[in-house]
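Asker: Got a file for you: run-v2.cif, mmCIF, C-alpha atoms.
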data_query
#
loop_
_atom_site.label_atom_id
_atom_site.label_comp_id
_atom_site.auth_asym_id
_atom_site.auth_seq_id
_atom_site.Cartn_x
_atom_site.Cartn_y
_atom_site.Cartn_z
CA MET A 1 15.76 -24.69 -25.65
CA SER A 2 16.56 -21.66 -27.80
CA LYS A 3 12.98 -20.45 -27.60
CA LYS A 4 13.15 -20.54 -23.82
CA HIS A 5 16.36 -18.50 -23.88
CA GLN A 6 15.00 -16.04 -26.43
CA ASP A 7 11.99 -15.11 -24.33
CA HIS A 8 13.38 -15.35 -20.82
CA ASP A 9 11.93 -11.85 -20.28
CA TYR A 10 8.39 -12.87 -21.25
CA SER A 11 7.97 -10.19 -23.91
CA LEU A 12 4.46 -11.29 -24.93
CA GLU A 13 3.03 -12.91 -21.78
CA ALA A 14 2.58 -12.39 -18.05
CA ILE A 15 5.50 -13.18 -15.72
CA PRO A 16 4.99 -16.63 -14.15
CA ASN A 17 5.06 -16.71 -10.34
CA GLY A 18 8.27 -18.77 -10.30
CA ASP A 19 10.25 -15.94 -11.91
CA LYS A 20 9.02 -13.13 -9.68
CA LYS A 21 11.49 -11.34 -7.40
CA GLY A 22 11.50 -10.08 -3.83
CA PHE A 23 11.87 -6.63 -2.29
CA ILE A 24 15.69 -6.27 -2.33
CA SER A 25 16.17 -7.41 -5.94
CA MET A 26 13.40 -5.12 -7.14
CA LEU A 27 14.61 -2.15 -5.07
CA VAL A 28 18.11 -2.44 -6.56
CA VAL A 29 16.68 -2.51 -10.10
CA MET A 30 14.34 0.41 -9.46
CA LEU A 31 17.12 2.50 -7.86
CA GLY A 32 19.24 1.82 -10.95
CA PHE A 33 16.24 2.93 -13.02
CA THR A 34 15.94 6.25 -11.12
CA PHE A 35 19.70 6.96 -11.12
CA PHE A 36 19.17 8.88 -14.34
CA SER A 37 21.84 11.12 -15.87
CA ALA A 38 19.33 13.67 -17.20
CA SER A 39 18.04 14.21 -13.62
CA MET A 40 21.51 15.44 -12.62
CA LEU A 41 21.45 17.91 -15.50
CA ALA A 42 17.93 19.03 -14.53
CA GLY A 43 19.15 19.41 -10.93
CA GLY A 44 22.01 21.58 -12.16
CA ASN A 45 19.64 23.87 -14.04
CA LEU A 46 17.37 24.13 -10.98
CA GLY A 47 20.35 24.78 -8.69
CA THR A 48 21.43 27.85 -10.65
CA SER A 49 17.87 29.21 -10.92
CA LEU A 50 16.30 28.62 -7.49
CA SER A 51 17.11 29.37 -3.86
CA MET A 52 17.76 26.25 -1.76
CA ASP A 53 14.35 26.30 -0.03
CA LYS A 54 12.53 26.59 -3.37
CA PHE A 55 14.74 23.84 -4.84
CA ILE A 56 13.86 21.48 -1.97
CA THR A 57 10.14 22.31 -2.35
CA ALA A 58 10.26 21.61 -6.11
CA VAL A 59 12.07 18.30 -5.59
CA ILE A 60 9.66 17.09 -2.88
CA ILE A 61 6.44 18.06 -4.71
CA GLY A 62 7.76 16.94 -8.10
CA ASN A 63 8.82 13.55 -6.78
CA ILE A 64 5.49 13.04 -4.99
CA ILE A 65 3.74 13.60 -8.35
CA LEU A 66 6.12 11.10 -9.98
CA CYS A 67 5.58 8.61 -7.15
CA ILE A 68 1.80 8.71 -7.62
CA TYR A 69 2.06 8.28 -11.42
CA THR A 70 4.71 5.53 -11.38
CA GLY A 71 3.23 3.91 -8.25
CA LEU A 72 -0.11 3.40 -10.01
CA LEU A 73 1.65 1.81 -13.00
CA ALA A 74 3.73 -0.33 -10.61
CA TYR A 75 0.55 -1.53 -8.86
CA MET A 76 -0.92 -2.61 -12.21
CA ALA A 77 2.24 -4.51 -13.16
CA GLY A 78 2.48 -6.15 -9.73
CA ASP A 79 -1.14 -7.27 -10.08
CA THR A 80 -1.03 -8.52 -13.69
CA GLY A 81 2.64 -9.39 -14.35
CA LEU A 82 2.37 -7.48 -17.65
CA SER A 83 4.64 -4.93 -19.33
CA THR A 84 3.50 -1.41 -20.26
CA HIS A 85 2.94 -2.54 -23.85
CA LEU A 86 0.76 -5.53 -22.99
CA LEU A 87 -1.22 -3.46 -20.47
CA ALA A 88 -1.81 -0.92 -23.26
CA ARG A 89 -3.74 -3.55 -25.25
CA TYR A 90 -6.59 -3.39 -22.71
CA SER A 91 -7.08 0.36 -23.16
CA PHE A 92 -5.74 1.14 -26.67
CA GLY A 93 -6.63 -2.18 -28.33
CA GLU A 94 -4.19 -4.70 -29.83
CA LYS A 95 -3.14 -2.59 -32.82
CA GLY A 96 -3.77 0.65 -30.90
CA SER A 97 -1.11 -0.41 -28.38
CA TYR A 98 1.43 -0.13 -31.21
CA LEU A 99 1.12 3.66 -30.87
CA VAL A 100 2.33 3.43 -27.25
CA SER A 101 5.09 0.99 -28.22
CA PHE A 102 6.25 3.10 -31.16
CA LEU A 103 6.43 6.32 -29.13
CA VAL A 104 8.33 4.56 -26.35
CA SER A 105 10.70 2.68 -28.63
CA ALA A 106 11.49 5.73 -30.78
CA THR A 107 12.34 7.88 -27.75
CA GLN A 108 14.20 5.16 -25.85
CA VAL A 109 16.42 4.17 -28.80
CA GLY A 110 17.03 7.87 -29.42
CA TRP A 111 17.96 8.55 -25.81
CA PHE A 112 20.15 5.44 -25.80
CA GLY A 113 22.15 6.93 -28.67
CA VAL A 114 22.28 10.35 -26.99
CA GLY A 115 23.42 8.69 -23.74
CA VAL A 116 26.28 6.88 -25.49
CA ALA A 117 27.43 10.21 -26.96
CA MET A 118 27.00 11.97 -23.57
CA PHE A 119 29.53 9.49 -22.17
CA ALA A 120 31.92 9.34 -25.12
CA ILE A 121 32.34 13.08 -25.83
CA PRO A 122 33.54 14.30 -22.38
CA VAL A 123 35.66 11.17 -21.83
CA SER A 124 37.29 11.68 -25.23
CA LYS A 125 38.11 15.31 -24.32
CA VAL A 126 39.80 14.26 -21.09
CA THR A 127 41.55 11.08 -22.23
CA GLY A 128 42.27 11.82 -25.89
CA ILE A 129 40.73 8.49 -26.96
CA ASN A 130 38.97 8.70 -30.33
CA VAL A 131 35.29 9.53 -29.76
CA GLY A 132 34.14 7.06 -32.44
CA ILE A 133 35.93 4.18 -30.70
CA LEU A 134 34.44 5.20 -27.34
CA VAL A 135 30.94 5.34 -28.88
CA LEU A 136 31.32 1.90 -30.46
CA VAL A 137 32.79 0.14 -27.41
CA SER A 138 30.42 1.70 -24.83
CA GLY A 139 27.35 1.24 -27.05
CA LEU A 140 28.08 -2.45 -27.64
CA LEU A 141 28.83 -3.06 -23.94
CA MET A 142 25.53 -1.45 -22.92
CA THR A 143 23.70 -3.49 -25.55
CA ALA A 144 25.28 -6.71 -24.28
CA THR A 145 24.06 -6.22 -20.70
CA ALA A 146 20.56 -5.19 -21.83
CA PHE A 147 20.40 -8.36 -23.97
CA PHE A 148 20.58 -10.58 -20.87
CA GLY A 149 17.56 -8.87 -19.33
CA MET A 150 16.57 -8.51 -15.70
CA LYS A 151 19.45 -10.63 -14.36
CA SER A 152 22.01 -8.27 -15.92
CA LEU A 153 20.04 -5.17 -14.90
CA THR A 154 20.07 -6.41 -11.29
CA ILE A 155 23.84 -7.10 -11.26
CA LEU A 156 24.65 -3.81 -13.00
CA SER A 157 22.44 -1.86 -10.58
CA MET A 158 24.09 -3.55 -7.57
CA ILE A 159 27.43 -2.15 -8.75
CA ALA A 160 26.21 1.20 -10.09
CA VAL A 161 23.82 2.33 -7.32
CA PRO A 162 26.32 2.39 -4.40
CA SER A 163 29.13 3.66 -6.67
CA ILE A 164 27.07 6.62 -7.93
CA ALA A 165 25.78 7.36 -4.41
CA ILE A 166 29.33 7.37 -2.92
CA LEU A 167 31.04 9.31 -5.74
CA GLY A 168 28.16 11.78 -6.04
CA SER A 169 28.31 12.37 -2.28
CA ILE A 170 32.09 12.97 -2.45
CA SER A 171 31.60 15.53 -5.23
CA ALA A 172 28.72 17.24 -3.36
CA GLY A 173 30.73 17.26 -0.13
CA LYS A 174 33.70 18.82 -1.91
CA ALA A 175 31.44 21.43 -3.50
CA ILE A 176 29.90 22.33 -0.11
CA GLY A 177 33.38 22.59 1.45
CA ASP A 178 34.59 24.86 -1.38
CA VAL A 179 31.81 27.40 -0.75
CA GLY A 180 32.25 27.53 3.04
CA GLY A 181 29.96 24.75 4.23
CA ILE A 182 26.16 24.52 4.38
CA ALA A 183 25.85 28.19 5.41
CA GLY A 184 27.89 29.21 2.37
CA LEU A 185 25.77 27.03 0.09
CA LEU A 186 22.53 28.49 1.46
CA SER A 187 23.80 32.04 0.94
CA ILE A 188 24.48 31.55 -2.79
CA GLU A 189 22.11 33.70 -4.84
CA PRO A 190 20.64 32.03 -7.94
CA THR A 191 22.03 33.41 -11.22
CA GLY A 192 18.86 32.64 -13.19
CA THR A 193 15.14 32.86 -12.53
CA MET A 194 12.54 30.11 -12.69
CA THR A 195 8.92 29.99 -11.57
CA MET A 196 7.80 27.16 -9.27
CA SER A 197 5.53 25.72 -11.99
CA ALA A 198 8.48 25.66 -14.42
CA ALA A 199 10.66 24.01 -11.74
CA LEU A 200 8.01 21.37 -11.07
CA ALA A 201 7.60 20.81 -14.82
CA SER A 202 11.36 20.23 -14.99
CA VAL A 203 11.43 17.74 -12.08
CA VAL A 204 8.37 15.83 -13.30
CA GLY A 205 9.07 16.19 -17.02
CA THR A 206 12.61 14.82 -16.84
CA PHE A 207 11.36 11.43 -15.66
CA ILE A 208 7.65 11.03 -16.44
CA SER A 209 8.29 9.58 -19.91
CA GLY A 210 10.79 7.04 -18.60
CA GLY A 211 8.48 6.49 -15.63
CA THR A 212 5.74 5.37 -18.03
CA LEU A 213 7.88 2.23 -18.49
CA THR A 214 7.77 1.43 -14.75
CA ALA A 215 5.59 -1.62 -15.44
CA ASP A 216 8.31 -3.16 -17.65
CA PHE A 217 10.41 -3.67 -14.51
CA THR A 218 7.92 -3.94 -11.65
CA ARG A 219 6.02 -6.78 -13.40
CA PHE A 220 8.75 -9.02 -11.93
CA SER A 221 7.68 -8.08 -8.35
CA LYS A 222 6.35 -10.96 -6.24
CA ASP A 223 3.29 -8.88 -5.29
CA LYS A 224 1.66 -5.45 -5.61
CA LYS A 225 3.10 -4.24 -2.29
CA THR A 226 6.67 -4.96 -3.44
CA ALA A 227 6.04 -3.29 -6.81
CA VAL A 228 4.64 -0.07 -5.33
CA SER A 229 6.98 0.25 -2.31
CA THR A 230 10.19 -0.27 -4.32
CA THR A 231 9.01 2.22 -6.95
CA VAL A 232 8.09 4.92 -4.41
CA ILE A 233 11.32 4.46 -2.41
CA ALA A 234 13.41 4.52 -5.60
CA PHE A 235 11.88 7.78 -6.79
CA LEU A 236 12.02 9.48 -3.39
CA ILE A 237 15.66 8.47 -2.84
CA GLY A 238 17.16 7.89 -6.30
CA ASN A 239 15.66 10.79 -8.21
CA SER A 240 16.07 13.19 -5.26
CA LEU A 241 19.75 12.27 -4.94
CA MET A 242 20.38 12.80 -8.66
CA LEU A 243 18.69 16.22 -8.57
CA ALA A 244 20.59 17.18 -5.40
CA PHE A 245 24.01 16.11 -6.76
CA GLY A 246 23.40 18.18 -9.89
CA ALA A 247 22.10 21.20 -7.96
CA ILE A 248 24.88 21.35 -5.33
CA GLY A 249 27.62 21.06 -7.94
CA ALA A 250 25.96 23.73 -10.10
CA MET A 251 25.47 26.14 -7.17
CA ALA A 252 29.12 25.82 -6.19
CA THR A 253 30.71 25.98 -9.65
CA GLY A 254 28.11 27.51 -11.99
CA GLN A 255 28.26 24.35 -14.16
CA SER A 256 25.02 22.39 -14.60
CA ASP A 257 26.74 19.29 -16.02
CA ILE A 258 27.91 16.95 -13.21
CA ALA A 259 30.79 15.62 -15.35
CA GLU A 260 32.12 19.14 -15.89
CA VAL A 261 31.75 19.85 -12.16
CA MET A 262 33.78 16.75 -11.24
CA PHE A 263 36.43 17.52 -13.86
CA MET A 264 36.77 21.02 -12.33
CA GLN A 265 37.10 19.41 -8.88
CA GLY A 266 39.98 17.26 -10.12
CA LEU A 267 37.88 14.11 -9.74
CA ILE A 268 38.61 12.91 -13.29
CA ILE A 269 38.61 9.12 -12.69
CA PRO A 270 35.53 9.27 -10.38
CA ALA A 271 33.83 11.50 -12.98
CA ILE A 272 34.38 8.94 -15.73
CA ILE A 273 33.15 6.13 -13.44
CA ILE A 274 30.04 8.00 -12.24
CA LEU A 275 29.24 9.21 -15.76
CA GLY A 276 29.77 5.74 -17.22
CA LEU A 277 27.75 3.84 -14.62
CA ASN A 278 24.96 6.42 -14.53
CA ILE A 279 24.52 6.43 -18.29
CA TRP A 280 24.93 2.64 -18.41
CA THR A 281 22.03 2.01 -16.01
CA THR A 282 19.90 4.63 -17.79
CA ASN A 283 20.70 3.24 -21.23
CA ASP A 284 20.16 -0.38 -20.30
CA ASN A 285 16.71 0.47 -18.98
CA ALA A 286 16.00 2.46 -22.16
CA LEU A 287 17.14 -0.42 -24.37
CA TYR A 288 15.23 -2.99 -22.33
CA GLY A 289 12.03 -0.91 -22.59
CA SER A 290 12.48 -0.32 -26.32
CA GLY A 291 13.08 -4.05 -26.84
CA LEU A 292 9.76 -4.87 -25.17
CA ALA A 293 8.08 -2.11 -27.21
CA PHE A 294 9.29 -3.44 -30.57
CA SER A 295 8.51 -6.98 -29.41
CA ASN A 296 4.85 -5.95 -28.98
CA ILE A 297 4.79 -4.62 -32.55
CA THR A 298 6.87 -7.27 -34.35
CA LYS A 299 6.05 -10.30 -32.10
CA GLN A 300 9.79 -11.04 -32.07
CA PRO A 301 11.59 -11.86 -28.78
CA LYS A 302 12.80 -8.90 -26.73
CA SER A 303 16.43 -10.08 -26.84
CA ARG A 304 16.54 -9.90 -30.66
CA MET A 305 14.98 -6.42 -30.63
CA VAL A 306 17.51 -5.22 -28.03
CA ILE A 307 20.44 -6.16 -30.28
CA ILE A 308 18.92 -4.37 -33.29
CA ASN A 309 17.98 -1.27 -31.25
CA GLY A 310 21.39 -1.16 -29.55
CA ILE A 311 23.25 -1.31 -32.87
CA VAL A 312 20.99 1.38 -34.41
CA GLY A 313 21.36 3.63 -31.34
CA THR A 314 25.15 3.17 -31.27
CA LEU A 315 25.63 3.87 -34.99
CA LEU A 316 23.43 6.97 -34.81
CA ALA A 317 24.76 8.18 -31.42
CA LEU A 318 26.73 11.25 -32.54
CA PHE A 319 24.14 12.16 -35.19
CA LEU A 320 21.32 11.93 -32.62
CA TYR A 321 23.29 13.94 -30.07
CA ASN A 322 23.99 16.74 -32.54
CA ASN A 323 20.65 16.87 -34.35
CA PHE A 324 17.78 15.24 -32.54
CA MET A 325 17.72 16.41 -28.91
CA GLU A 326 14.75 18.73 -29.57
CA TRP A 327 12.92 16.07 -31.60
CA LEU A 328 13.39 13.53 -28.80
CA ASN A 329 12.11 16.05 -26.26
CA LEU A 330 9.04 16.57 -28.47
CA LEU A 331 8.38 12.82 -28.57
CA ASN A 332 8.93 12.72 -24.80
CA SER A 333 6.01 15.14 -24.36
CA PHE A 334 3.73 12.68 -26.20
CA ILE A 335 4.27 9.78 -23.78
CA PRO A 336 2.71 10.79 -20.40
CA ALA A 337 -0.82 10.89 -21.88
CA THR A 338 -0.47 7.22 -22.92
CA GLY A 339 0.33 6.24 -19.33
CA ALA A 340 -2.66 8.29 -18.15
CA VAL A 341 -5.05 6.36 -20.41
CA ILE A 342 -3.60 3.02 -19.23
CA ILE A 343 -4.07 4.09 -15.57
CA ALA A 344 -7.63 5.37 -16.12
CA ASP A 345 -8.71 2.20 -17.91
CA TYR A 346 -7.51 -0.08 -15.11
CA PHE A 347 -8.37 1.92 -11.99
CA ILE A 348 -11.47 3.89 -13.00
CA LEU A 349 -13.24 1.93 -15.74
CA ASN A 350 -12.29 -1.64 -14.78
CA LYS A 351 -12.04 -1.14 -11.00
CA ARG A 352 -8.63 -2.87 -10.73
CA SER A 353 -9.87 -6.08 -12.36
CA TYR A 354 -8.66 -7.22 -15.78
CA THR A 355 -9.42 -10.49 -17.54
CA GLN A 356 -6.28 -12.65 -17.50
CA PHE A 357 -4.10 -11.72 -20.48
CA LYS A 358 -4.12 -15.17 -22.10
CA TYR A 359 -7.96 -15.22 -22.09
CA ALA A 360 -8.57 -11.54 -22.92
CA LYS A 361 -10.19 -10.50 -26.21
CA PHE A 362 -8.93 -7.07 -27.28
CA LYS A 363 -10.41 -4.49 -29.62
CA THR A 364 -8.27 -3.80 -32.67
CA VAL A 365 -8.13 -0.06 -31.90
CA ASN A 366 -9.97 1.78 -29.13
CA ILE A 367 -10.68 5.19 -30.67
CA ASN A 368 -11.56 6.67 -27.24
CA ALA A 369 -8.00 6.03 -26.07
CA ILE A 370 -6.51 7.65 -29.19
CA ILE A 371 -8.72 10.76 -28.81
CA ALA A 372 -7.87 11.00 -25.09
CA TRP A 373 -4.16 10.72 -25.89
CA ILE A 374 -4.40 13.51 -28.51
CA ALA A 375 -6.33 15.68 -26.02
CA GLY A 376 -3.65 15.06 -23.38
CA VAL A 377 -0.85 16.12 -25.75
CA ILE A 378 -2.78 19.28 -26.72
CA GLY A 379 -3.45 19.98 -23.04
CA SER A 380 0.26 19.82 -22.25
CA TYR A 381 0.93 22.63 -24.74
CA THR A 382 -2.10 24.85 -24.14
CA LEU A 383 -2.78 24.81 -20.39
CA LYS A 384 -0.80 26.75 -17.81
CA GLY A 385 0.85 24.98 -14.89
CA ILE A 386 2.89 21.78 -14.72
CA THR A 387 3.04 20.68 -18.37
CA PRO A 388 3.30 16.86 -18.00
CA LEU A 389 0.73 16.81 -15.20
CA ASN A 390 -1.72 18.76 -17.39
CA SER A 391 -1.25 16.14 -20.10
CA VAL A 392 -2.01 13.29 -17.67
CA ILE A 393 -5.09 14.93 -16.11
CA VAL A 394 -6.64 15.93 -19.47
CA ALA A 395 -6.08 12.44 -20.93
CA ILE A 396 -7.67 10.75 -17.90
CA VAL A 397 -10.74 13.03 -17.90
CA VAL A 398 -11.32 12.78 -21.66
CA TYR A 399 -10.86 8.99 -21.69
CA VAL A 400 -13.25 8.36 -18.80
CA VAL A 401 -15.92 10.76 -20.14
CA LEU A 402 -15.78 9.33 -23.70
CA SER A 403 -15.85 5.74 -22.41
CA LYS A 404 -18.86 6.40 -20.17
CA LEU A 405 -20.70 8.26 -22.97
CA ASN A 406 -20.09 5.34 -25.34
CA THR A 407 -21.32 2.84 -22.75
CA LYS A 408 -24.45 4.93 -22.17
CA SER A 409 -25.02 5.21 -25.93
CA LYS A 410 -24.74 1.42 -26.33
CA LEU A 411 -27.20 0.85 -23.46
CA ASN A 412 -29.68 3.26 -25.12
CA ASP A 413 -29.29 1.37 -28.42
CA ILE A 414 -29.98 -1.94 -26.66
CA ASN A 415 -33.02 -0.48 -24.84
CA ASN A 416 -34.40 1.03 -28.07
CA SER A 417 -34.02 -2.22 -29.97
CA THR A 418 -35.64 -4.15 -27.10
CA GLU A 419 -38.64 -1.75 -27.14
CA LYS A 420 -39.00 -2.18 -30.90
CA ILE A 421 -38.98 -5.99 -30.58
CA ALA A 422 -41.58 -5.76 -27.79
#
When written as structure tokens, how does the structure in this file appear?

Answerer:
Amino acid sequence: MSKKHQDHDYSLEAIPNGDKKGFISMLVVMLGFTFFSASMLAGGNLGTSLSMDKFITAVIIGNIILCIYTGLLAYMAGDTGLSTHLLARYSFGEKGSYLVSFLVSATQVGWFGVGVAMFAIPVSKVTGINVGILVLVSGLLMTATAFFGMKSLTILSMIAVPSIAILGSISAGKAIGDVGGIAGLLSIEPTGTMTMSAALASVVGTFISGGTLTADFTRFSKDKKTAVSTTVIAFLIGNSLMLAFGAIGAMATGQSDIAEVMFMQGLIIPAIIILGLNIWTTNDNALYGSGLAFSNITKQPKSRMVIINGIVGTLLALFLYNNFMEWLNLLNSFIPATGAVIIADYFILNKRSYTQFKYAKFKTVNINAIIAWIAGVIGSYTLKGITPLNSVIVAIVVYVVLSKLNTKSKLNDINNSTEKIA
């Protein structure tokens, strides 16, 4: 009985058909996934640096790129019922997949801690409640809901998604009214400057690392169509809304932080609610993903890993917030290339057909995948253009070329040995 409860999220196996979910349930979860607090902050930075037409262009193109990347991962999960970490075993090898899991778990636990602090610090300033108490209570609450898995994520998202949409719209509407309507908003000159490639890098970069975990959630979809459609809709609506809320508030007030904007608007209680729910959905997804990641490495149930990760993230929240933002951003830049290798292995090399997980024999480490990942990370830092997209493209090209060269080399070896025998 306890074993069944411990692994009700199928940390180390494919989702059985009986536990798969339909369109509405998956859409709610995926919208909660894309209602991401950092996207509001990114939207605020874009809003103060771009004219409205350039902002809209950046959001549309950036989200299309994200939709393609996450949609491909969603398709894989809908087809196989496997998490990101189990899918990584096919391309990186069994032990090689630990690299993917470690990068994901380290960043997600880190961002969980940062998220807890992002909620506690402004709320403490406004309410006077001790920041340490707020960190402890909010961190443990977020850990509790992540512990119960997809069922809790669905319920939480059902509450959070409409609440954030309504309160964010109220704040945006108030901001537009304060600057003289839509015409007034459109006439605001940006105070900063940003190139389109930098804007696209911001839109894509804010979510591509989290988006690499798309399979962790869409594996519960009843079919591939549900997995892909809910993912694409969630990114086009959810992420666009978050960016827009942040941008409109920033253009009207000069503040890129949505909480500060709402405090300035006198919307203190709504600000605390929207901040709390937004960070809660973000953090629960982060903790859920990190639990699956550590489960792949330790072979322990996801639920146990979630408790450990949640406690670590909560205890380190203020320290992480004050010291590790840059380090977490660095780790974030390492993740997109892992997703690229996973995508290339399934779609290009294996033509959308994997051996069933329970029957599959995996390499220990696939060195081609590791080299392609390293090349992708280097590409993100050395090539001009949209940084995370460069990382993905380089990793895909290098992985496919190396894999095909190795296959050709093996065929030549077989042919040579056959000739010698003859």

Asker: Choose the residue, out of A:Gln265, A:Thr282, A:Thr231, A:Ser157, that has the smallest atom-to-atom separation from Ile68 (chain A); count only C-alpha atoms.

Answerer: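 Looking at the shortest contact to Ile68 (chain A), the residue is A:Thr231.
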
Asker: Can you turn the PyMOL selection byres ((chain A and resi 291) around 7) into a concrete residue list for this file, as number ranges by chain?

Answerer: A: 287-290, 292-295, 302-303, 305-306

Asker: Which residues are close to Arg219 (chain A), i.e. within 10 Å by only C-alpha atoms, leaving aside same-chain residues fewer than 3 positions away? Reply as a compact mmCIF listing (two decimals) with C-alpha atoms, keeping the file's coordinate frame.

Answerer:
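The resulting result-v3.txt:
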# COMPACT_ATOMS: atom_id res chain seq x y z
CA ALA A 14 2.58 -12.39 -18.05
CA ILE A 15 5.50 -13.18 -15.72
CA PRO A 16 4.99 -16.63 -14.15
CA LYS A 20 9.02 -13.13 -9.68
CA LYS A 21 11.49 -11.34 -7.40
CA MET A 26 13.40 -5.12 -7.14
CA LEU A 73 1.65 1.81 -13.00
CA ALA A 74 3.73 -0.33 -10.61
CA TYR A 75 0.55 -1.53 -8.86
CA MET A 76 -0.92 -2.61 -12.21
CA ALA A 77 2.24 -4.51 -13.16
CA GLY A 78 2.48 -6.15 -9.73
CA ASP A 79 -1.14 -7.27 -10.08
CA THR A 80 -1.03 -8.52 -13.69
CA GLY A 81 2.64 -9.39 -14.35
CA LEU A 82 2.37 -7.48 -17.65
CA SER A 83 4.64 -4.93 -19.33
CA THR A 84 3.50 -1.41 -20.26
CA THR A 214 7.77 1.43 -14.75
CA ALA A 215 5.59 -1.62 -15.44
CA ASP A 216 8.31 -3.16 -17.65
CA LYS A 222 6.35 -10.96 -6.24
CA ASP A 223 3.29 -8.88 -5.29
CA LYS A 224 1.66 -5.45 -5.61
CA ALA A 227 6.04 -3.29 -6.81

Asker: Need the shell around Phe347 (chain A): protein/DNA/RNA residues with any atom at most 10 Å away, counting all atoms listed in the file. Skip same-chain ones fewer than 6 positions apart. Format as JSON, numbers by chain?

Answerer: {"A": [72, 76, 353, 354]}

Asker: Rank nothing, just name the residue among A:Pro336, A:Ser163, A:Ala38, A:Gly385 nearest to Ala271 (chain A), using all atoms listed in the file.

Answerer: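 Checking each of A:Pro336, A:Ser163, A:Ala38, A:Gly385 against Ala271 (chain A), counting all atoms listed in the file, the winner is A:Ser163.
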
Asker: Hey, which of A:Tyr346, A:Phe147, A:Phe55, A:Phe220 ends up closest to Gly310 (chain A)? Count all atoms listed in the file.

Answerer: A:Phe147

Asker: Counting only C-alpha atoms, which residue out of A:Gly132, A:Pro388, A:Gly96, A:Gly62 sits closest to Thr314 (chain A)?

Answerer: A:Gly132

Asker: So which one's closest to Val392 (chain A), A:Thr143, A:Thr338, A:Ser202, A:Thr218? Using all atoms listed in the file, please.

Answerer: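 With all atoms listed in the file as the atom set, the closest residue is A:Thr338.
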
Asker: To one decimal place, how far is CA of Gly276 (chain A) from CA of Ala42 (chain A) in Å?

Answerer: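 Atom-to-atom, CA of Gly276 (chain A) to CA of Ala42 (chain A), that is 18.0 Å.
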
Asker: How would you write, as a list in words, the residues chosen by the PyMOL selection byres ((chain A and resi 191) around 10) on this structure?

Answerer: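 That expression, the PyMOL selection byres ((chain A and resi 191) around 10), corresponds here to Gly47, Thr48, Ser49, Leu50, Ser51, Ile188, Glu189, Pro190, Gly192, Thr193, Met251 and Gly254 of chain A.
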